>>> print(open('structure.cif').read())   # mmCIF, N, CA and C atoms
data_coords
#
loop_
_atom_site.label_atom_id
_atom_site.label_comp_id
_atom_site.auth_asym_id
_atom_site.auth_seq_id
_atom_site.Cartn_x
_atom_site.Cartn_y
_atom_site.Cartn_z
N MET A 1 -32.90 -49.84 145.42
CA MET A 1 -33.09 -50.80 146.47
C MET A 1 -33.53 -50.05 147.72
N PRO A 2 -34.63 -50.46 148.33
CA PRO A 2 -35.13 -49.74 149.50
C PRO A 2 -34.25 -50.02 150.72
N THR A 3 -34.16 -49.03 151.58
CA THR A 3 -33.39 -49.20 152.80
C THR A 3 -34.33 -49.54 153.95
N VAL A 4 -33.83 -50.29 154.85
CA VAL A 4 -34.62 -50.69 156.01
C VAL A 4 -34.03 -50.00 157.23
N GLU A 5 -34.90 -49.34 157.96
CA GLU A 5 -34.44 -48.68 159.19
C GLU A 5 -34.89 -49.52 160.37
N PHE A 6 -33.97 -49.66 161.31
CA PHE A 6 -34.27 -50.43 162.51
C PHE A 6 -34.49 -49.47 163.66
N ALA A 7 -35.52 -49.71 164.41
CA ALA A 7 -35.78 -48.91 165.60
C ALA A 7 -35.08 -49.60 166.77
N TYR A 8 -34.21 -48.88 167.42
CA TYR A 8 -33.48 -49.43 168.55
C TYR A 8 -34.20 -49.09 169.84
N LEU A 9 -34.29 -50.08 170.70
CA LEU A 9 -34.90 -49.86 171.99
C LEU A 9 -33.91 -49.13 172.88
N PRO A 10 -34.40 -48.25 173.72
CA PRO A 10 -33.47 -47.56 174.62
C PRO A 10 -32.87 -48.54 175.63
N VAL A 11 -31.64 -48.31 175.97
CA VAL A 11 -30.93 -49.16 176.90
C VAL A 11 -31.28 -48.71 178.32
N ARG A 12 -31.71 -49.64 179.14
CA ARG A 12 -32.13 -49.33 180.51
C ARG A 12 -31.01 -49.48 181.53
N GLY A 13 -29.96 -50.14 181.21
CA GLY A 13 -28.84 -50.35 182.12
C GLY A 13 -27.66 -50.84 181.31
N ASN A 14 -26.59 -51.12 181.97
CA ASN A 14 -25.46 -51.66 181.23
C ASN A 14 -25.05 -53.01 181.81
N ILE A 15 -24.39 -53.77 181.01
CA ILE A 15 -24.03 -55.13 181.40
C ILE A 15 -22.99 -55.14 182.51
N GLU A 16 -22.19 -54.09 182.62
CA GLU A 16 -21.17 -54.06 183.67
C GLU A 16 -21.80 -54.04 185.05
N SER A 17 -22.86 -53.25 185.24
CA SER A 17 -23.48 -53.19 186.56
C SER A 17 -24.16 -54.51 186.90
N VAL A 18 -24.77 -55.16 185.93
CA VAL A 18 -25.39 -56.46 186.16
C VAL A 18 -24.30 -57.50 186.44
N SER A 19 -23.20 -57.43 185.73
CA SER A 19 -22.09 -58.37 185.92
C SER A 19 -21.50 -58.25 187.32
N ILE A 20 -21.39 -57.04 187.82
CA ILE A 20 -20.86 -56.84 189.18
C ILE A 20 -21.80 -57.45 190.20
N ILE A 21 -23.09 -57.24 190.04
CA ILE A 21 -24.07 -57.80 190.97
C ILE A 21 -24.03 -59.32 190.93
N ILE A 22 -23.93 -59.89 189.74
CA ILE A 22 -23.86 -61.35 189.61
C ILE A 22 -22.59 -61.87 190.26
N ARG A 23 -21.46 -61.18 190.08
CA ARG A 23 -20.20 -61.61 190.68
C ARG A 23 -20.28 -61.57 192.21
N ILE A 24 -20.93 -60.54 192.77
CA ILE A 24 -21.11 -60.46 194.22
C ILE A 24 -21.96 -61.62 194.71
N LEU A 25 -23.04 -61.94 193.98
CA LEU A 25 -23.89 -63.07 194.37
C LEU A 25 -23.14 -64.39 194.29
N VAL A 26 -22.33 -64.56 193.26
CA VAL A 26 -21.53 -65.78 193.13
C VAL A 26 -20.54 -65.89 194.29
N ASN A 27 -19.88 -64.78 194.64
CA ASN A 27 -18.96 -64.78 195.78
C ASN A 27 -19.69 -65.12 197.07
N ALA A 28 -20.87 -64.54 197.26
CA ALA A 28 -21.65 -64.80 198.48
C ALA A 28 -22.04 -66.27 198.57
N ILE A 29 -22.48 -66.86 197.47
CA ILE A 29 -22.86 -68.28 197.47
C ILE A 29 -21.63 -69.16 197.72
N ALA A 30 -20.51 -68.82 197.11
CA ALA A 30 -19.28 -69.59 197.31
C ALA A 30 -18.81 -69.48 198.77
N LEU A 31 -18.92 -68.30 199.36
CA LEU A 31 -18.56 -68.14 200.77
C LEU A 31 -19.49 -68.94 201.66
N TRP A 32 -20.78 -68.95 201.33
CA TRP A 32 -21.73 -69.76 202.10
C TRP A 32 -21.33 -71.23 202.04
N ALA A 33 -20.95 -71.71 200.87
CA ALA A 33 -20.53 -73.10 200.72
C ALA A 33 -19.30 -73.39 201.57
N ALA A 34 -18.36 -72.47 201.60
CA ALA A 34 -17.16 -72.66 202.41
C ALA A 34 -17.50 -72.71 203.90
N VAL A 35 -18.38 -71.82 204.34
CA VAL A 35 -18.79 -71.82 205.74
C VAL A 35 -19.52 -73.12 206.07
N PHE A 36 -20.34 -73.59 205.15
CA PHE A 36 -21.12 -74.81 205.35
C PHE A 36 -20.22 -76.06 205.39
N LEU A 37 -19.20 -76.10 204.54
CA LEU A 37 -18.40 -77.31 204.38
C LEU A 37 -17.14 -77.38 205.24
N ILE A 38 -16.58 -76.24 205.60
CA ILE A 38 -15.27 -76.22 206.26
C ILE A 38 -15.42 -75.80 207.72
N ASP A 39 -14.99 -76.67 208.62
CA ASP A 39 -14.93 -76.30 210.03
C ASP A 39 -13.82 -75.27 210.21
N GLY A 40 -14.11 -74.23 210.94
CA GLY A 40 -13.11 -73.19 211.17
C GLY A 40 -13.40 -71.91 210.40
N ILE A 41 -14.37 -71.94 209.50
CA ILE A 41 -14.83 -70.72 208.83
C ILE A 41 -16.26 -70.51 209.31
N ASN A 42 -16.52 -69.36 209.90
CA ASN A 42 -17.81 -69.14 210.55
C ASN A 42 -18.39 -67.77 210.23
N VAL A 43 -19.71 -67.73 210.19
CA VAL A 43 -20.47 -66.49 210.17
C VAL A 43 -21.38 -66.55 211.39
N ALA A 44 -21.21 -65.58 212.29
CA ALA A 44 -21.91 -65.62 213.57
C ALA A 44 -23.14 -64.72 213.59
N ALA A 45 -23.81 -64.56 212.47
CA ALA A 45 -25.03 -63.76 212.44
C ALA A 45 -26.17 -64.59 213.03
N THR A 46 -27.11 -63.90 213.66
CA THR A 46 -28.15 -64.60 214.41
C THR A 46 -29.32 -65.07 213.54
N ASP A 47 -29.81 -64.22 212.66
CA ASP A 47 -30.96 -64.63 211.85
C ASP A 47 -30.59 -64.64 210.37
N THR A 48 -31.51 -65.13 209.57
CA THR A 48 -31.25 -65.33 208.15
C THR A 48 -30.96 -64.03 207.42
N ALA A 49 -31.70 -62.97 207.72
CA ALA A 49 -31.48 -61.68 207.05
C ALA A 49 -30.08 -61.16 207.34
N ASP A 50 -29.65 -61.25 208.59
CA ASP A 50 -28.29 -60.81 208.94
C ASP A 50 -27.23 -61.67 208.24
N GLN A 51 -27.48 -62.97 208.14
CA GLN A 51 -26.53 -63.84 207.44
C GLN A 51 -26.41 -63.45 205.97
N ILE A 52 -27.53 -63.17 205.32
CA ILE A 52 -27.50 -62.78 203.92
C ILE A 52 -26.71 -61.49 203.75
N ILE A 53 -26.93 -60.54 204.63
CA ILE A 53 -26.21 -59.26 204.56
C ILE A 53 -24.71 -59.49 204.76
N VAL A 54 -24.36 -60.34 205.72
CA VAL A 54 -22.94 -60.63 205.97
C VAL A 54 -22.31 -61.30 204.76
N TYR A 55 -22.98 -62.29 204.19
CA TYR A 55 -22.43 -62.98 203.02
C TYR A 55 -22.26 -62.02 201.84
N LEU A 56 -23.24 -61.15 201.62
CA LEU A 56 -23.12 -60.18 200.53
C LEU A 56 -21.99 -59.19 200.79
N ALA A 57 -21.89 -58.70 202.03
CA ALA A 57 -20.83 -57.74 202.36
C ALA A 57 -19.45 -58.39 202.23
N VAL A 58 -19.30 -59.60 202.75
CA VAL A 58 -18.02 -60.29 202.64
C VAL A 58 -17.74 -60.65 201.18
N GLY A 59 -18.78 -60.93 200.41
CA GLY A 59 -18.62 -61.17 198.98
C GLY A 59 -18.07 -59.95 198.26
N VAL A 60 -18.54 -58.77 198.65
CA VAL A 60 -18.01 -57.53 198.07
C VAL A 60 -16.54 -57.36 198.45
N ILE A 61 -16.25 -57.55 199.73
CA ILE A 61 -14.86 -57.41 200.20
C ILE A 61 -13.95 -58.41 199.50
N PHE A 62 -14.40 -59.65 199.41
CA PHE A 62 -13.61 -60.70 198.76
C PHE A 62 -13.36 -60.36 197.29
N GLY A 63 -14.38 -59.85 196.62
CA GLY A 63 -14.21 -59.45 195.22
C GLY A 63 -13.23 -58.31 195.06
N LEU A 64 -13.29 -57.33 195.96
CA LEU A 64 -12.36 -56.20 195.90
C LEU A 64 -10.92 -56.65 196.20
N VAL A 65 -10.76 -57.51 197.19
CA VAL A 65 -9.42 -58.01 197.52
C VAL A 65 -8.85 -58.77 196.32
N ASN A 66 -9.66 -59.61 195.71
CA ASN A 66 -9.18 -60.37 194.55
C ASN A 66 -8.92 -59.47 193.35
N ALA A 67 -9.71 -58.43 193.18
CA ALA A 67 -9.52 -57.55 192.03
C ALA A 67 -8.31 -56.64 192.19
N VAL A 68 -7.99 -56.25 193.41
CA VAL A 68 -6.91 -55.29 193.64
C VAL A 68 -5.59 -55.98 193.99
N ILE A 69 -5.62 -56.88 194.96
CA ILE A 69 -4.39 -57.46 195.50
C ILE A 69 -3.88 -58.62 194.64
N LYS A 70 -4.76 -59.49 194.17
CA LYS A 70 -4.32 -60.69 193.47
C LYS A 70 -3.48 -60.41 192.23
N PRO A 71 -3.84 -59.44 191.37
CA PRO A 71 -2.97 -59.17 190.21
C PRO A 71 -1.58 -58.68 190.61
N ILE A 72 -1.51 -57.93 191.69
CA ILE A 72 -0.21 -57.44 192.16
C ILE A 72 0.64 -58.62 192.63
N VAL A 73 0.04 -59.51 193.41
CA VAL A 73 0.76 -60.68 193.92
C VAL A 73 1.20 -61.58 192.76
N LYS A 74 0.32 -61.76 191.77
CA LYS A 74 0.68 -62.59 190.62
C LYS A 74 1.84 -62.00 189.84
N THR A 75 1.85 -60.68 189.70
CA THR A 75 2.92 -60.02 188.96
C THR A 75 4.24 -60.11 189.71
N VAL A 76 4.20 -59.80 191.00
CA VAL A 76 5.42 -59.82 191.80
C VAL A 76 5.95 -61.25 191.97
N GLY A 77 5.03 -62.21 192.17
CA GLY A 77 5.46 -63.58 192.42
C GLY A 77 5.40 -64.48 191.21
N CYS A 78 5.54 -63.91 190.04
CA CYS A 78 5.44 -64.68 188.79
C CYS A 78 6.39 -65.87 188.78
N ALA A 79 7.59 -65.69 189.25
CA ALA A 79 8.57 -66.78 189.25
C ALA A 79 8.11 -67.93 190.14
N PHE A 80 7.49 -67.62 191.28
CA PHE A 80 7.01 -68.68 192.17
C PHE A 80 5.87 -69.47 191.52
N TYR A 81 5.02 -68.76 190.78
CA TYR A 81 3.94 -69.46 190.07
C TYR A 81 4.53 -70.43 189.04
N VAL A 82 5.57 -70.00 188.35
CA VAL A 82 6.18 -70.85 187.33
C VAL A 82 6.93 -72.01 187.99
N LEU A 83 7.72 -71.73 189.02
CA LEU A 83 8.51 -72.77 189.68
C LEU A 83 7.65 -73.85 190.34
N THR A 84 6.49 -73.45 190.87
CA THR A 84 5.63 -74.42 191.56
C THR A 84 4.51 -74.93 190.67
N LEU A 85 4.57 -74.60 189.39
CA LEU A 85 3.54 -75.00 188.43
C LEU A 85 2.15 -74.54 188.87
N GLY A 86 2.10 -73.40 189.50
CA GLY A 86 0.83 -72.80 189.90
C GLY A 86 0.33 -73.20 191.27
N LEU A 87 1.02 -74.11 191.95
CA LEU A 87 0.54 -74.55 193.26
C LEU A 87 0.61 -73.45 194.32
N VAL A 88 1.50 -72.48 194.13
CA VAL A 88 1.57 -71.37 195.07
C VAL A 88 0.26 -70.57 195.04
N ALA A 89 -0.51 -70.70 193.99
CA ALA A 89 -1.80 -70.00 193.90
C ALA A 89 -2.75 -70.45 195.01
N LEU A 90 -2.64 -71.71 195.43
CA LEU A 90 -3.48 -72.19 196.52
C LEU A 90 -3.16 -71.46 197.82
N VAL A 91 -1.87 -71.26 198.07
CA VAL A 91 -1.45 -70.53 199.26
C VAL A 91 -1.86 -69.07 199.16
N VAL A 92 -1.68 -68.48 197.98
CA VAL A 92 -2.06 -67.08 197.78
C VAL A 92 -3.55 -66.90 198.00
N ASN A 93 -4.36 -67.81 197.48
CA ASN A 93 -5.81 -67.70 197.66
C ASN A 93 -6.20 -67.82 199.13
N ALA A 94 -5.53 -68.70 199.87
CA ALA A 94 -5.79 -68.83 201.30
C ALA A 94 -5.44 -67.54 202.03
N LEU A 95 -4.30 -66.95 201.69
CA LEU A 95 -3.90 -65.69 202.33
C LEU A 95 -4.84 -64.55 201.96
N LEU A 96 -5.34 -64.54 200.73
CA LEU A 96 -6.31 -63.51 200.34
C LEU A 96 -7.63 -63.68 201.09
N LEU A 97 -8.01 -64.92 201.35
CA LEU A 97 -9.22 -65.16 202.14
C LEU A 97 -9.01 -64.70 203.58
N MET A 98 -7.81 -64.92 204.12
CA MET A 98 -7.51 -64.43 205.47
C MET A 98 -7.48 -62.90 205.50
N LEU A 99 -7.00 -62.28 204.44
CA LEU A 99 -7.04 -60.83 204.35
C LEU A 99 -8.48 -60.33 204.29
N THR A 100 -9.33 -61.06 203.59
CA THR A 100 -10.75 -60.72 203.55
C THR A 100 -11.36 -60.78 204.94
N GLU A 101 -10.99 -61.80 205.71
CA GLU A 101 -11.49 -61.90 207.09
C GLU A 101 -11.03 -60.70 207.92
N TRP A 102 -9.79 -60.29 207.74
CA TRP A 102 -9.27 -59.15 208.50
C TRP A 102 -10.02 -57.87 208.13
N VAL A 103 -10.23 -57.64 206.84
CA VAL A 103 -10.96 -56.44 206.40
C VAL A 103 -12.40 -56.50 206.90
N ALA A 104 -13.03 -57.67 206.86
CA ALA A 104 -14.40 -57.82 207.37
C ALA A 104 -14.45 -57.47 208.86
N GLY A 105 -13.40 -57.83 209.58
CA GLY A 105 -13.33 -57.47 211.00
C GLY A 105 -13.26 -55.97 211.23
N LEU A 106 -12.64 -55.26 210.29
CA LEU A 106 -12.60 -53.79 210.41
C LEU A 106 -13.99 -53.19 210.31
N PHE A 107 -14.89 -53.87 209.61
CA PHE A 107 -16.27 -53.40 209.46
C PHE A 107 -17.22 -54.10 210.44
N ASP A 108 -16.66 -54.77 211.44
CA ASP A 108 -17.43 -55.49 212.46
C ASP A 108 -18.39 -56.52 211.88
N LEU A 109 -17.97 -57.16 210.80
CA LEU A 109 -18.76 -58.24 210.24
C LEU A 109 -18.40 -59.54 210.94
N PRO A 110 -19.37 -60.35 211.33
CA PRO A 110 -19.08 -61.58 212.08
C PRO A 110 -18.62 -62.74 211.19
N PHE A 111 -17.53 -62.53 210.48
CA PHE A 111 -16.94 -63.55 209.60
C PHE A 111 -15.57 -63.87 210.15
N THR A 112 -15.34 -65.12 210.54
CA THR A 112 -14.06 -65.50 211.15
C THR A 112 -13.51 -66.76 210.50
N ILE A 113 -12.19 -66.82 210.50
CA ILE A 113 -11.46 -68.00 210.03
C ILE A 113 -10.46 -68.37 211.12
N ASP A 114 -10.43 -69.64 211.49
CA ASP A 114 -9.61 -70.10 212.60
C ASP A 114 -8.24 -70.60 212.16
N GLY A 115 -7.52 -69.84 211.34
CA GLY A 115 -6.18 -70.21 210.97
C GLY A 115 -5.99 -70.45 209.49
N PHE A 116 -4.76 -70.86 209.16
CA PHE A 116 -4.40 -71.02 207.75
C PHE A 116 -5.10 -72.18 207.08
N TRP A 117 -5.17 -73.35 207.73
CA TRP A 117 -5.71 -74.53 207.05
C TRP A 117 -7.20 -74.40 206.72
N PRO A 118 -8.02 -73.89 207.62
CA PRO A 118 -9.41 -73.64 207.19
C PRO A 118 -9.48 -72.65 206.02
N ALA A 119 -8.60 -71.64 206.02
CA ALA A 119 -8.56 -70.69 204.91
C ALA A 119 -8.12 -71.38 203.63
N PHE A 120 -7.15 -72.27 203.73
CA PHE A 120 -6.66 -73.01 202.57
C PHE A 120 -7.78 -73.83 201.94
N TRP A 121 -8.45 -74.66 202.76
CA TRP A 121 -9.53 -75.50 202.24
C TRP A 121 -10.73 -74.66 201.81
N GLY A 122 -10.99 -73.59 202.55
CA GLY A 122 -12.08 -72.69 202.17
C GLY A 122 -11.84 -72.02 200.83
N ALA A 123 -10.60 -71.64 200.58
CA ALA A 123 -10.27 -71.02 199.29
C ALA A 123 -10.47 -72.00 198.14
N ILE A 124 -10.17 -73.26 198.39
CA ILE A 124 -10.40 -74.29 197.36
C ILE A 124 -11.90 -74.45 197.11
N VAL A 125 -12.68 -74.52 198.18
CA VAL A 125 -14.14 -74.64 198.03
C VAL A 125 -14.70 -73.44 197.28
N ILE A 126 -14.25 -72.24 197.64
CA ILE A 126 -14.74 -71.03 196.99
C ILE A 126 -14.39 -71.04 195.51
N ALA A 127 -13.17 -71.46 195.18
CA ALA A 127 -12.76 -71.50 193.78
C ALA A 127 -13.60 -72.50 192.98
N VAL A 128 -13.83 -73.67 193.56
CA VAL A 128 -14.60 -74.70 192.85
C VAL A 128 -16.06 -74.26 192.68
N VAL A 129 -16.67 -73.75 193.73
CA VAL A 129 -18.07 -73.31 193.65
C VAL A 129 -18.20 -72.14 192.67
N SER A 130 -17.28 -71.19 192.73
CA SER A 130 -17.33 -70.06 191.79
C SER A 130 -17.19 -70.54 190.36
N TRP A 131 -16.30 -71.49 190.14
CA TRP A 131 -16.12 -72.03 188.79
C TRP A 131 -17.39 -72.74 188.32
N LEU A 132 -17.97 -73.57 189.20
CA LEU A 132 -19.20 -74.28 188.83
C LEU A 132 -20.33 -73.31 188.51
N LEU A 133 -20.49 -72.28 189.31
CA LEU A 133 -21.54 -71.30 189.06
C LEU A 133 -21.28 -70.53 187.78
N SER A 134 -20.02 -70.25 187.49
CA SER A 134 -19.70 -69.49 186.28
C SER A 134 -20.02 -70.28 185.01
N LEU A 135 -20.10 -71.61 185.12
CA LEU A 135 -20.47 -72.42 183.96
C LEU A 135 -21.89 -72.13 183.50
N PHE A 136 -22.73 -71.68 184.42
CA PHE A 136 -24.14 -71.43 184.12
C PHE A 136 -24.43 -69.97 183.80
N LEU A 137 -23.40 -69.13 183.85
CA LEU A 137 -23.58 -67.69 183.61
C LEU A 137 -23.06 -67.31 182.25
N PRO A 138 -23.69 -66.33 181.61
CA PRO A 138 -23.16 -65.87 180.31
C PRO A 138 -21.82 -65.19 180.52
N ASP A 139 -20.93 -65.34 179.54
CA ASP A 139 -19.59 -64.76 179.67
C ASP A 139 -19.47 -63.38 179.06
N GLY A 140 -20.52 -62.82 178.53
CA GLY A 140 -20.46 -61.48 177.96
C GLY A 140 -20.05 -61.45 176.51
N GLU A 141 -19.67 -62.60 175.94
CA GLU A 141 -19.24 -62.64 174.54
C GLU A 141 -20.36 -63.12 173.63
N ASP A 142 -21.51 -63.45 174.21
CA ASP A 142 -22.64 -63.95 173.40
C ASP A 142 -23.35 -62.83 172.69
#
>>> encode(input="structure.cif", output="structure tokens")
Amino acid sequence: MPTVEFAYLPVRGNIESVSIIIRILVNAIALWAAVFLIDGINVAATDTADQIIVYLAVGVIFGLVNAVIKPIVKTVGCAFYVLTLGLVALVVNALLLMLTEWVAGLFDLPFTIDGFWPAFWGAIVIAVVSWLLSLFLPDGED
């Protein structure tokens, strides 16, 4: 029986680097939606190019905060998640968004949130927009 050899094309990149870029873009779009929809969340950049840079930079910060801090909070506050049937996650997400604003301020990025309630509603908008966008993205298992 003859054997068939397959020629493999060289790999030009990896899916992890593309996935990170896509996640940053999704975060930036979700943050834009929150700024657009929620009074009290603002980006004070003057022109479109500066706004895009701010959204991308805050998207990176938001992704890092969620990747590093959120698992720790979920582990430590596991009982609160169970007792509140997950509703404490809304408060945690608002606080993580406020932490993102604080870190953005350290880098002199013009991203501001005017208190807890805009952060609360903004976190909900970000979660919904991110979820909707993720419906259209490959999950890596295909």
>>> atom_distance(input="structure.cif", atom1="CA of Ile126 in chain A", atom2="atom C of Trp32 in chain A")
8.3 Å
>>> residues_around(input="structure.cif", residues="Leu95 in chain A", least_positions_apart="3", cutoff="9 Å", atoms="only C-alpha atoms", output="PyMOL selection string")
chain A and resi 90-92+98-100+116+119-120+123
>>> residues_around(input="structure.cif", residues="Asp108 in chain A", least_positions_apart="4", cutoff="12 Å", atoms="only C-alpha atoms", output="PyMOL selection string")
chain A and resi 43-45+54+57-58+101-104+112
>>> resolve_selection(input="structure.cif", expression="the PyMOL selection byres (((chain A and resi 59 and name CA) around 10) and name CA)", output="short mmCIF file (atom, residue, chain, number, x, y, z; two decimals) with N, CA and C atoms, in the coordinates of the input")
data_model
loop_
_atom_site.label_atom_id
_atom_site.label_comp_id
_atom_site.auth_asym_id
_atom_site.auth_seq_id
_atom_site.Cartn_x
_atom_site.Cartn_y
_atom_site.Cartn_z
N ARG A 23 -21.46 -61.18 190.08
CA ARG A 23 -20.20 -61.61 190.68
C ARG A 23 -20.28 -61.57 192.21
N ILE A 24 -20.93 -60.54 192.77
CA ILE A 24 -21.11 -60.46 194.22
C ILE A 24 -21.96 -61.62 194.71
N LEU A 25 -23.04 -61.94 193.98
CA LEU A 25 -23.89 -63.07 194.37
C LEU A 25 -23.14 -64.39 194.29
N VAL A 26 -22.33 -64.56 193.26
CA VAL A 26 -21.53 -65.78 193.13
C VAL A 26 -20.54 -65.89 194.29
N ASN A 27 -19.88 -64.78 194.64
CA ASN A 27 -18.96 -64.78 195.78
C ASN A 27 -19.69 -65.12 197.07
N ALA A 28 -20.87 -64.54 197.26
CA ALA A 28 -21.65 -64.80 198.48
C ALA A 28 -22.04 -66.27 198.57
N ILE A 29 -22.48 -66.86 197.47
CA ILE A 29 -22.86 -68.28 197.47
C ILE A 29 -21.63 -69.16 197.72
N ALA A 30 -20.51 -68.82 197.11
CA ALA A 30 -19.28 -69.59 197.31
C ALA A 30 -18.81 -69.48 198.77
N LEU A 31 -18.92 -68.30 199.36
CA LEU A 31 -18.56 -68.14 200.77
C LEU A 31 -19.49 -68.94 201.66
N TRP A 32 -20.78 -68.95 201.33
CA TRP A 32 -21.73 -69.76 202.10
C TRP A 32 -21.33 -71.23 202.04
N ILE A 53 -26.93 -60.54 204.63
CA ILE A 53 -26.21 -59.26 204.56
C ILE A 53 -24.71 -59.49 204.76
N VAL A 54 -24.36 -60.34 205.72
CA VAL A 54 -22.94 -60.63 205.97
C VAL A 54 -22.31 -61.30 204.76
N TYR A 55 -22.98 -62.29 204.19
CA TYR A 55 -22.43 -62.98 203.02
C TYR A 55 -22.26 -62.02 201.84
N LEU A 56 -23.24 -61.15 201.62
CA LEU A 56 -23.12 -60.18 200.53
C LEU A 56 -21.99 -59.19 200.79
N ALA A 57 -21.89 -58.70 202.03
CA ALA A 57 -20.83 -57.74 202.36
C ALA A 57 -19.45 -58.39 202.23
N VAL A 58 -19.30 -59.60 202.75
CA VAL A 58 -18.02 -60.29 202.64
C VAL A 58 -17.74 -60.65 201.18
N VAL A 60 -18.54 -58.77 198.65
CA VAL A 60 -18.01 -57.53 198.07
C VAL A 60 -16.54 -57.36 198.45
N ILE A 61 -16.25 -57.55 199.73
CA ILE A 61 -14.86 -57.41 200.20
C ILE A 61 -13.95 -58.41 199.50
N PHE A 62 -14.40 -59.65 199.41
CA PHE A 62 -13.61 -60.70 198.76
C PHE A 62 -13.36 -60.36 197.29
N GLY A 63 -14.38 -59.85 196.62
CA GLY A 63 -14.21 -59.45 195.22
C GLY A 63 -13.23 -58.31 195.06
N LEU A 64 -13.29 -57.33 195.96
CA LEU A 64 -12.36 -56.20 195.90
C LEU A 64 -10.92 -56.65 196.20
N VAL A 65 -10.76 -57.51 197.19
CA VAL A 65 -9.42 -58.01 197.52
C VAL A 65 -8.85 -58.77 196.32
N THR A 100 -9.33 -61.06 203.59
CA THR A 100 -10.75 -60.72 203.55
C THR A 100 -11.36 -60.78 204.94
N ALA A 104 -13.03 -57.67 206.86
CA ALA A 104 -14.40 -57.82 207.37
C ALA A 104 -14.45 -57.47 208.86
#
>>> atom_distance(input="structure.cif", atom1="CA of Pro110 in chain A", atom2="CA of Ile38 in chain A")
16.2 Å
>>> decode(input="structure.cif", residues="range 127-132 of chain A", atoms="all heavy atoms", output="PDB file, in the first residue's frame")
ATOM      1  N   ALA A 127     -19.530  43.856  29.859  1.00  0.00           N
ATOM      2  CA  ALA A 127     -19.736  42.403  29.869  1.00  0.00           C
ATOM      3  C   ALA A 127     -20.664  41.969  28.735  1.00  0.00           C
ATOM      4  O   ALA A 127     -20.385  40.982  28.038  1.00  0.00           O
ATOM      5  CB  ALA A 127     -20.294  41.968  31.216  1.00  0.00           C
ATOM      6  N   VAL A 128     -21.741  42.710  28.529  1.00  0.00           N
ATOM      7  CA  VAL A 128     -22.701  42.342  27.483  1.00  0.00           C
ATOM      8  C   VAL A 128     -22.081  42.507  26.098  1.00  0.00           C
ATOM      9  O   VAL A 128     -22.193  41.618  25.240  1.00  0.00           O
ATOM     10  CB  VAL A 128     -24.000  43.169  27.618  1.00  0.00           C
ATOM     11  CG1 VAL A 128     -24.899  43.004  26.404  1.00  0.00           C
ATOM     12  CG2 VAL A 128     -24.736  42.782  28.891  1.00  0.00           C
ATOM     13  N   VAL A 129     -21.405  43.620  25.860  1.00  0.00           N
ATOM     14  CA  VAL A 129     -20.786  43.852  24.550  1.00  0.00           C
ATOM     15  C   VAL A 129     -19.684  42.826  24.291  1.00  0.00           C
ATOM     16  O   VAL A 129     -19.586  42.285  23.184  1.00  0.00           O
ATOM     17  CB  VAL A 129     -20.253  45.299  24.444  1.00  0.00           C
ATOM     18  CG1 VAL A 129     -19.408  45.494  23.193  1.00  0.00           C
ATOM     19  CG2 VAL A 129     -21.409  46.284  24.460  1.00  0.00           C
ATOM     20  N   SER A 130     -18.873  42.535  25.296  1.00  0.00           N
ATOM     21  CA  SER A 130     -17.817  41.526  25.129  1.00  0.00           C
ATOM     22  C   SER A 130     -18.420  40.165  24.813  1.00  0.00           C
ATOM     23  O   SER A 130     -17.913  39.436  23.954  1.00  0.00           O
ATOM     24  CB  SER A 130     -16.969  41.418  26.396  1.00  0.00           C
ATOM     25  OG  SER A 130     -16.279  42.607  26.621  1.00  0.00           O
ATOM     26  N   TRP A 131     -19.498  39.825  25.501  1.00  0.00           N
ATOM     27  CA  TRP A 131     -20.157  38.543  25.237  1.00  0.00           C
ATOM     28  C   TRP A 131     -20.723  38.500  23.818  1.00  0.00           C
ATOM     29  O   TRP A 131     -20.548  37.508  23.110  1.00  0.00           O
ATOM     30  CB  TRP A 131     -21.263  38.316  26.262  1.00  0.00           C
ATOM     31  CG  TRP A 131     -22.070  37.099  25.975  1.00  0.00           C
ATOM     32  CD1 TRP A 131     -21.702  35.798  26.141  1.00  0.00           C
ATOM     33  CD2 TRP A 131     -23.401  37.072  25.437  1.00  0.00           C
ATOM     34  NE1 TRP A 131     -22.720  34.962  25.749  1.00  0.00           N
ATOM     35  CE2 TRP A 131     -23.775  35.717  25.306  1.00  0.00           C
ATOM     36  CE3 TRP A 131     -24.302  38.060  25.068  1.00  0.00           C
ATOM     37  CZ2 TRP A 131     -25.014  35.339  24.817  1.00  0.00           C
ATOM     38  CZ3 TRP A 131     -25.527  37.679  24.582  1.00  0.00           C
ATOM     39  CH2 TRP A 131     -25.873  36.328  24.467  1.00  0.00           C
ATOM     40  N   LEU A 132     -21.385  39.592  23.405  1.00  0.00           N
ATOM     41  CA  LEU A 132     -21.944  39.631  22.052  1.00  0.00           C
ATOM     42  C   LEU A 132     -20.855  39.512  20.989  1.00  0.00           C
ATOM     43  O   LEU A 132     -21.013  38.794  20.001  1.00  0.00           O
ATOM     44  CB  LEU A 132     -22.749  40.919  21.846  1.00  0.00           C
ATOM     45  CG  LEU A 132     -24.096  40.990  22.542  1.00  0.00           C
ATOM     46  CD1 LEU A 132     -24.707  42.377  22.394  1.00  0.00           C
ATOM     47  CD2 LEU A 132     -25.038  39.933  22.003  1.00  0.00           C
TER      48      LEU A 132
END
